[in-house]
>>> print(open('upload.txt').read())   # compact mmCIF, N, CA and C atoms
# COMPACT_ATOMS: atom_id res chain seq x y z
N MET A 1 0.85 -1.17 0.00
CA MET A 1 0.00 0.00 0.00
C MET A 1 0.90 1.23 0.00
N ASP A 2 0.63 2.13 -0.92
CA ASP A 2 1.47 3.32 -1.03
C ASP A 2 0.66 4.56 -0.62
N ALA A 3 1.28 5.72 -0.80
CA ALA A 3 0.66 6.97 -0.38
C ALA A 3 -0.64 7.24 -1.15
N ILE A 4 -0.72 6.87 -2.40
CA ILE A 4 -1.95 7.10 -3.18
C ILE A 4 -3.08 6.22 -2.65
N ASP A 5 -2.77 4.96 -2.33
CA ASP A 5 -3.80 4.09 -1.75
C ASP A 5 -4.31 4.69 -0.44
N ARG A 6 -3.41 5.22 0.35
CA ARG A 6 -3.82 5.84 1.63
C ARG A 6 -4.70 7.08 1.38
N LYS A 7 -4.37 7.85 0.37
CA LYS A 7 -5.21 9.00 0.02
C LYS A 7 -6.60 8.53 -0.41
N ILE A 8 -6.63 7.49 -1.21
CA ILE A 8 -7.92 6.92 -1.64
C ILE A 8 -8.75 6.51 -0.43
N LEU A 9 -8.13 5.81 0.50
CA LEU A 9 -8.84 5.36 1.70
C LEU A 9 -9.34 6.54 2.53
N ALA A 10 -8.49 7.54 2.68
CA ALA A 10 -8.89 8.72 3.46
C ALA A 10 -10.08 9.42 2.81
N GLU A 11 -10.05 9.57 1.51
CA GLU A 11 -11.15 10.24 0.81
C GLU A 11 -12.44 9.42 0.91
N LEU A 12 -12.35 8.12 0.73
CA LEU A 12 -13.55 7.27 0.80
C LEU A 12 -14.12 7.22 2.21
N GLN A 13 -13.27 7.32 3.22
CA GLN A 13 -13.79 7.37 4.59
C GLN A 13 -14.58 8.65 4.82
N GLN A 14 -14.16 9.73 4.20
CA GLN A 14 -14.87 11.00 4.35
C GLN A 14 -16.16 11.02 3.55
N ASP A 15 -16.14 10.40 2.37
CA ASP A 15 -17.33 10.39 1.52
C ASP A 15 -17.32 9.13 0.66
N GLY A 16 -17.99 8.11 1.10
CA GLY A 16 -18.05 6.83 0.39
C GLY A 16 -18.88 6.88 -0.87
N ARG A 17 -19.54 8.00 -1.13
CA ARG A 17 -20.37 8.14 -2.33
C ARG A 17 -19.65 8.84 -3.47
N LEU A 18 -18.38 9.13 -3.28
CA LEU A 18 -17.62 9.75 -4.36
C LEU A 18 -17.62 8.87 -5.60
N SER A 19 -17.78 9.49 -6.75
CA SER A 19 -17.63 8.72 -7.98
C SER A 19 -16.14 8.45 -8.17
N VAL A 20 -15.81 7.46 -8.98
CA VAL A 20 -14.40 7.16 -9.23
C VAL A 20 -13.73 8.35 -9.91
N THR A 21 -14.47 9.06 -10.72
CA THR A 21 -13.93 10.26 -11.39
C THR A 21 -13.56 11.32 -10.36
N GLU A 22 -14.49 11.61 -9.43
CA GLU A 22 -14.22 12.59 -8.38
C GLU A 22 -13.06 12.14 -7.49
N LEU A 23 -13.06 10.87 -7.14
CA LEU A 23 -12.00 10.32 -6.30
C LEU A 23 -10.65 10.47 -7.00
N GLY A 24 -10.60 10.12 -8.28
CA GLY A 24 -9.36 10.25 -9.03
C GLY A 24 -8.84 11.68 -9.05
N GLU A 25 -9.75 12.63 -9.23
CA GLU A 25 -9.35 14.05 -9.22
C GLU A 25 -8.75 14.45 -7.88
N ARG A 26 -9.34 13.96 -6.80
CA ARG A 26 -8.87 14.32 -5.46
C ARG A 26 -7.50 13.72 -5.14
N VAL A 27 -7.23 12.53 -5.69
CA VAL A 27 -5.95 11.87 -5.37
C VAL A 27 -4.92 11.97 -6.48
N GLY A 28 -5.30 12.63 -7.58
CA GLY A 28 -4.35 12.84 -8.66
C GLY A 28 -4.17 11.67 -9.61
N LEU A 29 -5.26 10.93 -9.88
CA LEU A 29 -5.22 9.81 -10.81
C LEU A 29 -6.32 9.96 -11.86
N SER A 30 -6.08 9.40 -13.03
CA SER A 30 -7.14 9.35 -14.03
C SER A 30 -8.11 8.22 -13.66
N LEU A 31 -9.20 8.15 -14.39
CA LEU A 31 -10.29 7.22 -14.08
C LEU A 31 -9.84 5.76 -13.98
N SER A 32 -9.20 5.23 -15.01
CA SER A 32 -8.86 3.80 -15.03
C SER A 32 -7.91 3.39 -13.90
N PRO A 33 -6.79 4.08 -13.68
CA PRO A 33 -5.91 3.68 -12.59
C PRO A 33 -6.58 3.80 -11.21
N CYS A 34 -7.42 4.82 -11.07
CA CYS A 34 -8.12 4.97 -9.79
C CYS A 34 -9.08 3.81 -9.58
N HIS A 35 -9.83 3.46 -10.60
CA HIS A 35 -10.77 2.34 -10.51
C HIS A 35 -10.04 1.04 -10.18
N ARG A 36 -8.90 0.79 -10.84
CA ARG A 36 -8.13 -0.43 -10.57
C ARG A 36 -7.67 -0.48 -9.11
N ARG A 37 -7.21 0.66 -8.61
CA ARG A 37 -6.73 0.69 -7.22
C ARG A 37 -7.88 0.44 -6.23
N VAL A 38 -9.02 1.07 -6.47
CA VAL A 38 -10.17 0.86 -5.58
C VAL A 38 -10.59 -0.61 -5.61
N ARG A 39 -10.67 -1.18 -6.80
CA ARG A 39 -11.04 -2.59 -6.93
C ARG A 39 -10.02 -3.47 -6.20
N ALA A 40 -8.73 -3.17 -6.35
CA ALA A 40 -7.69 -3.96 -5.68
C ALA A 40 -7.80 -3.84 -4.16
N LEU A 41 -8.12 -2.66 -3.66
CA LEU A 41 -8.30 -2.47 -2.21
C LEU A 41 -9.53 -3.24 -1.71
N GLU A 42 -10.57 -3.29 -2.52
CA GLU A 42 -11.76 -4.07 -2.15
C GLU A 42 -11.43 -5.56 -2.14
N GLU A 43 -10.78 -6.04 -3.19
CA GLU A 43 -10.45 -7.47 -3.30
C GLU A 43 -9.47 -7.92 -2.22
N ALA A 44 -8.61 -7.02 -1.78
CA ALA A 44 -7.64 -7.36 -0.73
C ALA A 44 -8.26 -7.30 0.66
N GLY A 45 -9.51 -6.88 0.75
CA GLY A 45 -10.17 -6.82 2.05
C GLY A 45 -9.82 -5.57 2.85
N VAL A 46 -9.18 -4.59 2.21
CA VAL A 46 -8.88 -3.34 2.90
C VAL A 46 -10.15 -2.50 3.00
N ILE A 47 -10.88 -2.39 1.91
CA ILE A 47 -12.19 -1.75 1.92
C ILE A 47 -13.21 -2.86 2.13
N LEU A 48 -13.91 -2.79 3.25
CA LEU A 48 -14.83 -3.87 3.62
C LEU A 48 -16.24 -3.65 3.09
N GLY A 49 -16.57 -2.42 2.73
CA GLY A 49 -17.91 -2.15 2.24
C GLY A 49 -18.21 -0.67 2.28
N TYR A 50 -19.42 -0.32 1.89
CA TYR A 50 -19.89 1.07 1.86
C TYR A 50 -21.24 1.09 2.55
N HIS A 51 -21.50 2.13 3.32
CA HIS A 51 -22.77 2.20 4.03
C HIS A 51 -23.17 3.65 4.29
N ALA A 52 -24.42 3.84 4.66
CA ALA A 52 -24.93 5.15 5.06
C ALA A 52 -24.82 5.25 6.57
N GLU A 53 -24.40 6.40 7.06
CA GLU A 53 -24.37 6.65 8.50
C GLU A 53 -25.71 7.27 8.87
N ILE A 54 -26.41 6.65 9.80
CA ILE A 54 -27.77 7.05 10.14
C ILE A 54 -27.81 7.61 11.56
N SER A 55 -28.57 8.66 11.75
CA SER A 55 -28.75 9.25 13.07
C SER A 55 -29.65 8.33 13.89
N ALA A 56 -29.12 7.82 14.99
CA ALA A 56 -29.91 6.93 15.86
C ALA A 56 -31.13 7.67 16.39
N ALA A 57 -30.96 8.91 16.81
CA ALA A 57 -32.08 9.68 17.35
C ALA A 57 -33.18 9.89 16.31
N ALA A 58 -32.78 10.11 15.07
CA ALA A 58 -33.77 10.36 14.01
C ALA A 58 -34.64 9.15 13.73
N VAL A 59 -34.16 7.96 14.05
CA VAL A 59 -34.96 6.74 13.85
C VAL A 59 -35.49 6.20 15.18
N GLY A 60 -35.47 7.05 16.22
CA GLY A 60 -36.09 6.69 17.49
C GLY A 60 -35.24 5.87 18.44
N LEU A 61 -33.96 5.75 18.18
CA LEU A 61 -33.08 4.99 19.08
C LEU A 61 -32.31 5.98 19.94
N THR A 62 -32.94 6.45 21.02
CA THR A 62 -32.37 7.52 21.83
C THR A 62 -31.71 7.03 23.11
N PHE A 63 -31.76 5.73 23.36
CA PHE A 63 -31.18 5.17 24.59
C PHE A 63 -29.97 4.32 24.22
N SER A 64 -28.83 4.63 24.80
CA SER A 64 -27.60 3.92 24.48
C SER A 64 -26.95 3.44 25.76
N THR A 65 -26.49 2.22 25.74
CA THR A 65 -25.84 1.65 26.91
C THR A 65 -24.68 0.75 26.49
N ILE A 66 -23.78 0.56 27.41
CA ILE A 66 -22.68 -0.39 27.22
C ILE A 66 -22.90 -1.51 28.22
N VAL A 67 -22.87 -2.72 27.73
CA VAL A 67 -23.08 -3.89 28.58
C VAL A 67 -21.79 -4.69 28.60
N PHE A 68 -21.28 -4.91 29.80
CA PHE A 68 -20.09 -5.74 29.98
C PHE A 68 -20.55 -7.15 30.31
N VAL A 69 -19.97 -8.12 29.64
CA VAL A 69 -20.39 -9.52 29.79
C VAL A 69 -19.22 -10.33 30.31
N THR A 70 -19.47 -11.09 31.36
CA THR A 70 -18.51 -12.06 31.87
C THR A 70 -19.11 -13.44 31.64
N LEU A 71 -18.36 -14.29 30.98
CA LEU A 71 -18.83 -15.65 30.72
C LEU A 71 -18.52 -16.56 31.90
N LYS A 72 -19.31 -17.62 32.04
CA LYS A 72 -19.04 -18.61 33.07
C LYS A 72 -17.70 -19.27 32.83
N GLU A 73 -17.48 -19.63 31.56
CA GLU A 73 -16.21 -20.24 31.14
C GLU A 73 -15.79 -19.57 29.84
N ALA A 74 -14.51 -19.29 29.70
CA ALA A 74 -14.02 -18.64 28.48
C ALA A 74 -13.34 -19.65 27.57
N ASN A 75 -13.86 -20.88 27.55
CA ASN A 75 -13.27 -21.88 26.66
C ASN A 75 -13.81 -21.69 25.24
N GLN A 76 -13.21 -22.39 24.31
CA GLN A 76 -13.53 -22.21 22.89
C GLN A 76 -15.01 -22.45 22.58
N ALA A 77 -15.58 -23.48 23.15
CA ALA A 77 -16.98 -23.80 22.88
C ALA A 77 -17.91 -22.71 23.41
N SER A 78 -17.66 -22.23 24.62
CA SER A 78 -18.50 -21.18 25.21
C SER A 78 -18.41 -19.88 24.42
N VAL A 79 -17.19 -19.53 24.03
CA VAL A 79 -16.98 -18.31 23.25
C VAL A 79 -17.71 -18.41 21.92
N LYS A 80 -17.60 -19.56 21.27
CA LYS A 80 -18.25 -19.74 19.97
C LYS A 80 -19.77 -19.65 20.08
N LYS A 81 -20.35 -20.28 21.10
CA LYS A 81 -21.81 -20.22 21.28
C LYS A 81 -22.27 -18.79 21.55
N PHE A 82 -21.53 -18.10 22.43
CA PHE A 82 -21.89 -16.73 22.77
C PHE A 82 -21.81 -15.84 21.52
N GLU A 83 -20.70 -15.90 20.81
CA GLU A 83 -20.51 -15.04 19.63
C GLU A 83 -21.48 -15.38 18.51
N SER A 84 -21.87 -16.64 18.41
CA SER A 84 -22.84 -17.04 17.38
C SER A 84 -24.23 -16.51 17.67
N ALA A 85 -24.54 -16.26 18.93
CA ALA A 85 -25.87 -15.77 19.30
C ALA A 85 -26.00 -14.26 19.14
N LEU A 86 -24.90 -13.52 19.16
CA LEU A 86 -24.97 -12.06 19.11
C LEU A 86 -25.62 -11.49 17.84
N PRO A 87 -25.35 -12.03 16.66
CA PRO A 87 -25.98 -11.45 15.46
C PRO A 87 -27.51 -11.49 15.47
N ASP A 88 -28.10 -12.32 16.32
CA ASP A 88 -29.55 -12.41 16.41
C ASP A 88 -30.18 -11.26 17.21
N ILE A 89 -29.34 -10.38 17.77
CA ILE A 89 -29.83 -9.26 18.57
C ILE A 89 -29.45 -7.97 17.86
N PRO A 90 -30.34 -7.43 17.02
CA PRO A 90 -29.99 -6.25 16.22
C PRO A 90 -29.68 -5.00 17.04
N GLU A 91 -30.16 -4.94 18.26
CA GLU A 91 -29.89 -3.78 19.11
C GLU A 91 -28.44 -3.71 19.56
N VAL A 92 -27.72 -4.83 19.45
CA VAL A 92 -26.28 -4.84 19.74
C VAL A 92 -25.61 -4.36 18.45
N ILE A 93 -25.15 -3.11 18.48
CA ILE A 93 -24.58 -2.52 17.27
C ILE A 93 -23.06 -2.66 17.19
N ARG A 94 -22.46 -3.08 18.28
CA ARG A 94 -21.02 -3.34 18.28
C ARG A 94 -20.74 -4.29 19.43
N ALA A 95 -19.88 -5.26 19.19
CA ALA A 95 -19.50 -6.21 20.23
C ALA A 95 -18.01 -6.45 20.14
N GLU A 96 -17.34 -6.35 21.26
CA GLU A 96 -15.89 -6.51 21.28
C GLU A 96 -15.49 -7.50 22.37
N ARG A 97 -14.62 -8.42 22.01
CA ARG A 97 -14.07 -9.35 22.98
C ARG A 97 -12.87 -8.67 23.62
N LEU A 98 -12.78 -8.77 24.93
CA LEU A 98 -11.74 -8.08 25.69
C LEU A 98 -10.77 -9.07 26.32
N PHE A 99 -9.59 -8.59 26.64
CA PHE A 99 -8.67 -9.38 27.45
C PHE A 99 -9.04 -9.15 28.91
N GLY A 100 -8.94 -10.18 29.72
CA GLY A 100 -9.22 -10.03 31.15
C GLY A 100 -10.70 -10.06 31.44
N ASP A 101 -11.07 -9.43 32.55
CA ASP A 101 -12.44 -9.43 33.01
C ASP A 101 -12.98 -8.03 32.88
N PRO A 102 -14.09 -7.80 32.26
CA PRO A 102 -15.04 -8.73 31.67
C PRO A 102 -14.55 -9.28 30.33
N ASP A 103 -15.31 -10.21 29.80
CA ASP A 103 -14.93 -10.87 28.55
C ASP A 103 -15.36 -10.09 27.31
N TYR A 104 -16.48 -9.38 27.38
CA TYR A 104 -17.03 -8.69 26.22
C TYR A 104 -17.56 -7.31 26.61
N MET A 105 -17.58 -6.42 25.64
CA MET A 105 -18.23 -5.13 25.77
C MET A 105 -19.20 -5.00 24.60
N LEU A 106 -20.47 -4.83 24.92
CA LEU A 106 -21.51 -4.70 23.91
C LEU A 106 -22.04 -3.27 23.91
N HIS A 107 -22.16 -2.68 22.74
CA HIS A 107 -22.78 -1.37 22.58
C HIS A 107 -24.21 -1.63 22.12
N VAL A 108 -25.16 -1.14 22.89
CA VAL A 108 -26.57 -1.45 22.66
C VAL A 108 -27.37 -0.16 22.51
N VAL A 109 -28.27 -0.13 21.53
CA VAL A 109 -29.19 1.00 21.38
C VAL A 109 -30.63 0.50 21.38
N THR A 110 -31.49 1.25 22.06
CA THR A 110 -32.92 0.97 22.08
C THR A 110 -33.68 2.30 22.07
N GLN A 111 -35.01 2.19 22.04
CA GLN A 111 -35.83 3.41 22.04
C GLN A 111 -35.75 4.14 23.37
N ASP A 112 -35.79 3.38 24.46
CA ASP A 112 -35.81 4.02 25.78
C ASP A 112 -35.43 2.99 26.84
N LEU A 113 -35.47 3.41 28.09
CA LEU A 113 -35.08 2.53 29.19
C LEU A 113 -35.95 1.28 29.28
N SER A 114 -37.26 1.43 29.09
CA SER A 114 -38.12 0.25 29.21
C SER A 114 -37.84 -0.74 28.08
N ALA A 115 -37.52 -0.24 26.89
CA ALA A 115 -37.15 -1.14 25.78
C ALA A 115 -35.84 -1.85 26.09
N PHE A 116 -34.90 -1.14 26.72
CA PHE A 116 -33.64 -1.78 27.11
C PHE A 116 -33.90 -2.84 28.18
N GLN A 117 -34.74 -2.54 29.14
CA GLN A 117 -35.04 -3.52 30.19
C GLN A 117 -35.65 -4.78 29.59
N ALA A 118 -36.56 -4.62 28.65
CA ALA A 118 -37.17 -5.78 27.99
C ALA A 118 -36.12 -6.58 27.21
N LEU A 119 -35.24 -5.88 26.50
CA LEU A 119 -34.17 -6.55 25.76
C LEU A 119 -33.23 -7.28 26.72
N TYR A 120 -32.91 -6.64 27.83
CA TYR A 120 -32.03 -7.23 28.83
C TYR A 120 -32.64 -8.53 29.37
N ASP A 121 -33.90 -8.45 29.74
CA ASP A 121 -34.57 -9.61 30.33
C ASP A 121 -34.82 -10.72 29.31
N ARG A 122 -35.18 -10.35 28.07
CA ARG A 122 -35.55 -11.31 27.04
C ARG A 122 -34.34 -11.91 26.32
N SER A 123 -33.37 -11.07 25.97
CA SER A 123 -32.31 -11.53 25.08
C SER A 123 -30.92 -11.55 25.69
N LEU A 124 -30.52 -10.44 26.30
CA LEU A 124 -29.15 -10.36 26.79
C LEU A 124 -28.87 -11.37 27.90
N SER A 125 -29.78 -11.46 28.86
CA SER A 125 -29.57 -12.40 29.96
C SER A 125 -29.70 -13.86 29.52
N ALA A 126 -30.30 -14.08 28.34
CA ALA A 126 -30.46 -15.44 27.83
C ALA A 126 -29.32 -15.86 26.91
N LEU A 127 -28.34 -14.99 26.69
CA LEU A 127 -27.20 -15.37 25.84
C LEU A 127 -26.49 -16.57 26.46
N PRO A 128 -26.02 -17.49 25.65
CA PRO A 128 -25.39 -18.70 26.19
C PRO A 128 -24.09 -18.41 26.93
N GLY A 129 -23.95 -19.07 28.07
CA GLY A 129 -22.70 -19.03 28.81
C GLY A 129 -22.48 -17.80 29.67
N VAL A 130 -23.49 -16.95 29.83
CA VAL A 130 -23.31 -15.71 30.58
C VAL A 130 -23.33 -15.97 32.08
N LEU A 131 -22.31 -15.46 32.74
CA LEU A 131 -22.25 -15.49 34.20
C LEU A 131 -22.82 -14.20 34.77
N ARG A 132 -22.37 -13.06 34.18
CA ARG A 132 -22.75 -11.77 34.73
C ARG A 132 -22.84 -10.72 33.62
N LEU A 133 -23.85 -9.87 33.73
CA LEU A 133 -24.01 -8.70 32.86
C LEU A 133 -23.94 -7.46 33.74
N THR A 134 -23.16 -6.49 33.31
CA THR A 134 -23.09 -5.21 34.01
C THR A 134 -23.27 -4.13 32.95
N SER A 135 -24.20 -3.22 33.20
CA SER A 135 -24.45 -2.21 32.18
C SER A 135 -24.24 -0.81 32.75
N THR A 136 -23.91 0.09 31.86
CA THR A 136 -23.76 1.49 32.20
C THR A 136 -24.38 2.32 31.08
N LEU A 137 -24.98 3.41 31.44
CA LEU A 137 -25.65 4.26 30.47
C LEU A 137 -24.65 5.19 29.79
N VAL A 138 -24.86 5.41 28.51
CA VAL A 138 -24.04 6.36 27.79
C VAL A 138 -24.68 7.73 27.97
N MET A 139 -23.91 8.66 28.56
CA MET A 139 -24.42 10.00 28.79
C MET A 139 -24.40 10.82 27.51
N LYS A 140 -23.29 10.69 26.76
CA LYS A 140 -23.10 11.51 25.58
C LYS A 140 -22.04 10.86 24.70
N SER A 141 -22.27 10.82 23.41
CA SER A 141 -21.27 10.32 22.48
C SER A 141 -20.38 11.49 22.08
N VAL A 142 -19.09 11.34 22.29
CA VAL A 142 -18.15 12.41 22.02
C VAL A 142 -17.47 12.21 20.66
N ILE A 143 -17.01 11.01 20.39
CA ILE A 143 -16.41 10.67 19.10
C ILE A 143 -17.14 9.45 18.59
N VAL A 144 -17.71 9.56 17.39
CA VAL A 144 -18.48 8.47 16.82
C VAL A 144 -17.99 8.20 15.41
N ASN A 145 -17.74 6.94 15.11
CA ASN A 145 -17.37 6.53 13.75
C ASN A 145 -16.26 7.37 13.14
N ARG A 146 -15.23 7.62 13.92
CA ARG A 146 -14.10 8.40 13.44
C ARG A 146 -13.39 7.60 12.34
N ALA A 147 -12.95 8.31 11.32
CA ALA A 147 -12.19 7.66 10.25
C ALA A 147 -10.88 7.15 10.81
N LEU A 148 -10.41 6.03 10.26
CA LEU A 148 -9.11 5.49 10.66
C LEU A 148 -7.99 6.44 10.20
N PRO A 149 -6.96 6.59 11.00
CA PRO A 149 -5.88 7.52 10.64
C PRO A 149 -4.93 6.89 9.61
N VAL A 150 -5.39 6.81 8.37
CA VAL A 150 -4.56 6.25 7.32
C VAL A 150 -3.67 7.34 6.79
>>> encode(input="upload.txt", output="structure tokens")
Amino acid sequence: MDAIDRKILAELQQDGRLSVTELGERVGLSLSPCHRRVRALEEAGVILGYHAEISAAAVGLTFSTIVFVTLKEANQASVKKFESALPDIPEVIRAERLFGDPDYMLHVVTQDLSAFQALYDRSLSALPGVLRLTSTLVMKSVIVNRALPV
């Protein structure tokens, strides 16, 4: 990956809807070489996809919490069962496995506190292998979806 590839990535992180022509102009490439580079970055798994960033509040998701999960056992089978169950809970918008205790950090959004309580009781507490759930409310998002420093 060279400096031009990094420029391409930086530009696409700022605006994923750029046409290849506009992108090429911004990074100093003509259409064909720019298109080849973007395609190569996609095929190499550097560019994972394109998406729209949506305001959670605008779609009624005004309650945000972080849930820390400690598993009963952190063996391979327990981890696999737990991680396989997470995609079935759309309110979990990010899940990260951690070193040490707790084992996971889940970012959860719902409409309000009562919706979170129902999700907690119905889905989160029923996740396989869970020993303990600890949650904390998000007061304010300070940095969200920051571009990677390429």
>>> residues_near_point(input="upload.txt", point="(-16.7, -7.3, 23.7)", cutoff="8 Å", atoms="only N, CA and C atoms", output="list in words")
Val67, Phe68, Val69, Arg94, Ala95, Glu96, Arg97, Leu98, Phe99, Pro102, Asp103, Tyr104, Met105, Leu106 and His107 of chain A
>>> write_last_selection(input="upload.txt", atoms="N, CA and C atoms", output="PDB file, in the frame of the given file")
ATOM      1  N   VAL A  67     -22.870  -2.720  27.730  1.00  0.00           N
ATOM      2  CA  VAL A  67     -23.080  -3.890  28.580  1.00  0.00           C
ATOM      3  C   VAL A  67     -21.790  -4.690  28.600  1.00  0.00           C
ATOM      4  N   PHE A  68     -21.280  -4.910  29.800  1.00  0.00           N
ATOM      5  CA  PHE A  68     -20.090  -5.740  29.980  1.00  0.00           C
ATOM      6  C   PHE A  68     -20.550  -7.150  30.310  1.00  0.00           C
ATOM      7  N   VAL A  69     -19.970  -8.120  29.640  1.00  0.00           N
ATOM      8  CA  VAL A  69     -20.390  -9.520  29.790  1.00  0.00           C
ATOM      9  C   VAL A  69     -19.220 -10.330  30.310  1.00  0.00           C
ATOM     10  N   ARG A  94     -22.460  -3.080  18.280  1.00  0.00           N
ATOM     11  CA  ARG A  94     -21.020  -3.340  18.280  1.00  0.00           C
ATOM     12  C   ARG A  94     -20.740  -4.290  19.430  1.00  0.00           C
ATOM     13  N   ALA A  95     -19.880  -5.260  19.190  1.00  0.00           N
ATOM     14  CA  ALA A  95     -19.500  -6.210  20.230  1.00  0.00           C
ATOM     15  C   ALA A  95     -18.010  -6.450  20.140  1.00  0.00           C
ATOM     16  N   GLU A  96     -17.340  -6.350  21.260  1.00  0.00           N
ATOM     17  CA  GLU A  96     -15.890  -6.510  21.280  1.00  0.00           C
ATOM     18  C   GLU A  96     -15.490  -7.500  22.370  1.00  0.00           C
ATOM     19  N   ARG A  97     -14.620  -8.420  22.010  1.00  0.00           N
ATOM     20  CA  ARG A  97     -14.070  -9.350  22.980  1.00  0.00           C
ATOM     21  C   ARG A  97     -12.870  -8.670  23.620  1.00  0.00           C
ATOM     22  N   LEU A  98     -12.780  -8.770  24.930  1.00  0.00           N
ATOM     23  CA  LEU A  98     -11.740  -8.080  25.690  1.00  0.00           C
ATOM     24  C   LEU A  98     -10.770  -9.070  26.320  1.00  0.00           C
ATOM     25  N   PHE A  99      -9.590  -8.590  26.640  1.00  0.00           N
ATOM     26  CA  PHE A  99      -8.670  -9.380  27.450  1.00  0.00           C
ATOM     27  C   PHE A  99      -9.040  -9.150  28.910  1.00  0.00           C
ATOM     28  N   PRO A 102     -14.090  -7.800  32.260  1.00  0.00           N
ATOM     29  CA  PRO A 102     -15.040  -8.730  31.670  1.00  0.00           C
ATOM     30  C   PRO A 102     -14.550  -9.280  30.330  1.00  0.00           C
ATOM     31  N   ASP A 103     -15.310 -10.210  29.800  1.00  0.00           N
ATOM     32  CA  ASP A 103     -14.930 -10.870  28.550  1.00  0.00           C
ATOM     33  C   ASP A 103     -15.360 -10.090  27.310  1.00  0.00           C
ATOM     34  N   TYR A 104     -16.480  -9.380  27.380  1.00  0.00           N
ATOM     35  CA  TYR A 104     -17.030  -8.690  26.220  1.00  0.00           C
ATOM     36  C   TYR A 104     -17.560  -7.310  26.610  1.00  0.00           C
ATOM     37  N   MET A 105     -17.580  -6.420  25.640  1.00  0.00           N
ATOM     38  CA  MET A 105     -18.230  -5.130  25.770  1.00  0.00           C
ATOM     39  C   MET A 105     -19.200  -5.000  24.600  1.00  0.00           C
ATOM     40  N   LEU A 106     -20.470  -4.830  24.920  1.00  0.00           N
ATOM     41  CA  LEU A 106     -21.510  -4.700  23.910  1.00  0.00           C
ATOM     42  C   LEU A 106     -22.040  -3.270  23.910  1.00  0.00           C
ATOM     43  N   HIS A 107     -22.160  -2.680  22.740  1.00  0.00           N
ATOM     44  CA  HIS A 107     -22.780  -1.370  22.580  1.00  0.00           C
ATOM     45  C   HIS A 107     -24.210  -1.630  22.120  1.00  0.00           C
TER      46      HIS A 107
END
>>> select_by_dssp(input="upload.txt", residues="chain A", states="strand (DSSP E)", output="JSON, numbers by chain")
{"A": [63, 64, 65, 66, 67, 68, 69, 70, 71, 92, 93, 94, 95, 96, 97, 104, 105, 106, 107, 108, 109, 110, 130, 131, 132, 133, 134, 135, 136, 137]}
>>> residues_around(input="upload.txt", residues="Ser64 in chain A", least_positions_apart="4", cutoff="7 Å", atoms="only N, CA and C atoms", output="list in words")
His107, Val108, Val109, Thr110, Thr136, Leu137, Val138 and Met139 of chain A
>>> closest_atom_pairs(input="upload.txt", of="range 32-110 of chain A", to="range 14-26 of chain A", cutoff="6.5 Å", atoms="all atoms listed in the file", output="tab-separated table")
residue	atom	partner	partner_atom	distance
A:Cys34	CA	A:Gly24	CA	5.5
A:His35	N	A:Val20	CA	6.0
A:Tyr50	CA	A:Gly16	CA	6.2
>>> select_by_dssp(input="upload.txt", residues="range 11-141 of chain A", states="helix (DSSP H, G or I)", output="PyMOL selection string")
chain A and resi 11-14+20-27+31-43+57-59+76-88+113-124
>>> residues_around(input="upload.txt", residues="Gln13 in chain A", least_positions_apart="4", cutoff="8 Å", atoms="all atoms listed in the file", output="PyMOL selection string")
chain A and resi 7-9+17+146-148
>>> atom_distance(input="upload.txt", atom1="CA of Leu48 in chain A", atom2="CA of Ala77 in chain A")
27.8 Å
>>> atom_distance(input="upload.txt", atom1="CA of Leu119 in chain A", atom2="atom N of Ile93 in chain A")
12.1 Å
>>> atom_distance(input="upload.txt", atom1="CA of Leu133 in chain A", atom2="CA of Thr70 in chain A")
6.5 Å
>>> closest_residue(input="upload.txt", among="A:Ser123, A:Asn145, A:Thr134, A:Ser32", to="Ala52 in chain A", atoms="only C-alpha atoms")
A:Asn145
>>> closest_residue(input="upload.txt", among="A:Ser55, A:Ser78, A:Gly28, A:Ile47", to="Ile4 in chain A", atoms="only N, CA and C atoms")
A:Gly28
>>> axis_aligned_box(input="upload.txt", around="range 15-22 of chain A", padding_each_side="4 Å", output="JSON")
{"center_x": -16.7, "center_y": 9.7, "center_z": -4.5, "size_x": 15.3, "size_y": 13.8, "size_z": 21.8}
>>> closest_residue(input="upload.txt", among="A:Asp112, A:Asp2, A:Glu73, A:Glu83", to="Leu131 in chain A", atoms="only N, CA and C atoms")
A:Glu73
>>> closest_residue(input="upload.txt", among="A:Val150, A:Leu124, A:Val130, A:Arg36", to="Ile89 in chain A", atoms="all atoms listed in the file")
A:Leu124
>>> closest_residue(input="upload.txt", among="A:Pro90, A:Val38, A:Ser84, A:Gly100", to="Pro128 in chain A", atoms="only C-alpha atoms")
A:Ser84
>>> decode(input="upload.txt", residues="range 93-99 of chain A", atoms="N, CA and C atoms", output="mmCIF file, in the first residue's frame")
data_model
loop_
_atom_site.group_PDB
_atom_site.id
_atom_site.type_symbol
_atom_site.label_atom_id
_atom_site.label_comp_id
_atom_site.auth_asym_id
_atom_site.auth_seq_id
_atom_site.Cartn_x
_atom_site.Cartn_y
_atom_site.Cartn_z
ATOM 1 N N ILE A 93 -25.146 -3.111 18.478
ATOM 2 C CA ILE A 93 -24.584 -2.523 17.268
ATOM 3 C C ILE A 93 -23.064 -2.664 17.189
ATOM 4 N N ARG A 94 -22.462 -3.080 18.282
ATOM 5 C CA ARG A 94 -21.019 -3.345 18.279
ATOM 6 C C ARG A 94 -20.736 -4.289 19.434
ATOM 7 N N ALA A 95 -19.878 -5.260 19.186
ATOM 8 C CA ALA A 95 -19.501 -6.212 20.235
ATOM 9 C C ALA A 95 -18.005 -6.447 20.137
ATOM 10 N N GLU A 96 -17.341 -6.349 21.259
ATOM 11 C CA GLU A 96 -15.895 -6.513 21.281
ATOM 12 C C GLU A 96 -15.492 -7.499 22.373
ATOM 13 N N ARG A 97 -14.623 -8.423 22.010
ATOM 14 C CA ARG A 97 -14.066 -9.350 22.984
ATOM 15 C C ARG A 97 -12.865 -8.672 23.624
ATOM 16 N N LEU A 98 -12.777 -8.772 24.933
ATOM 17 C CA LEU A 98 -11.740 -8.083 25.689
ATOM 18 C C LEU A 98 -10.774 -9.072 26.325
ATOM 19 N N PHE A 99 -9.589 -8.595 26.635
ATOM 20 C CA PHE A 99 -8.666 -9.376 27.455
ATOM 21 C C PHE A 99 -9.041 -9.148 28.912
#
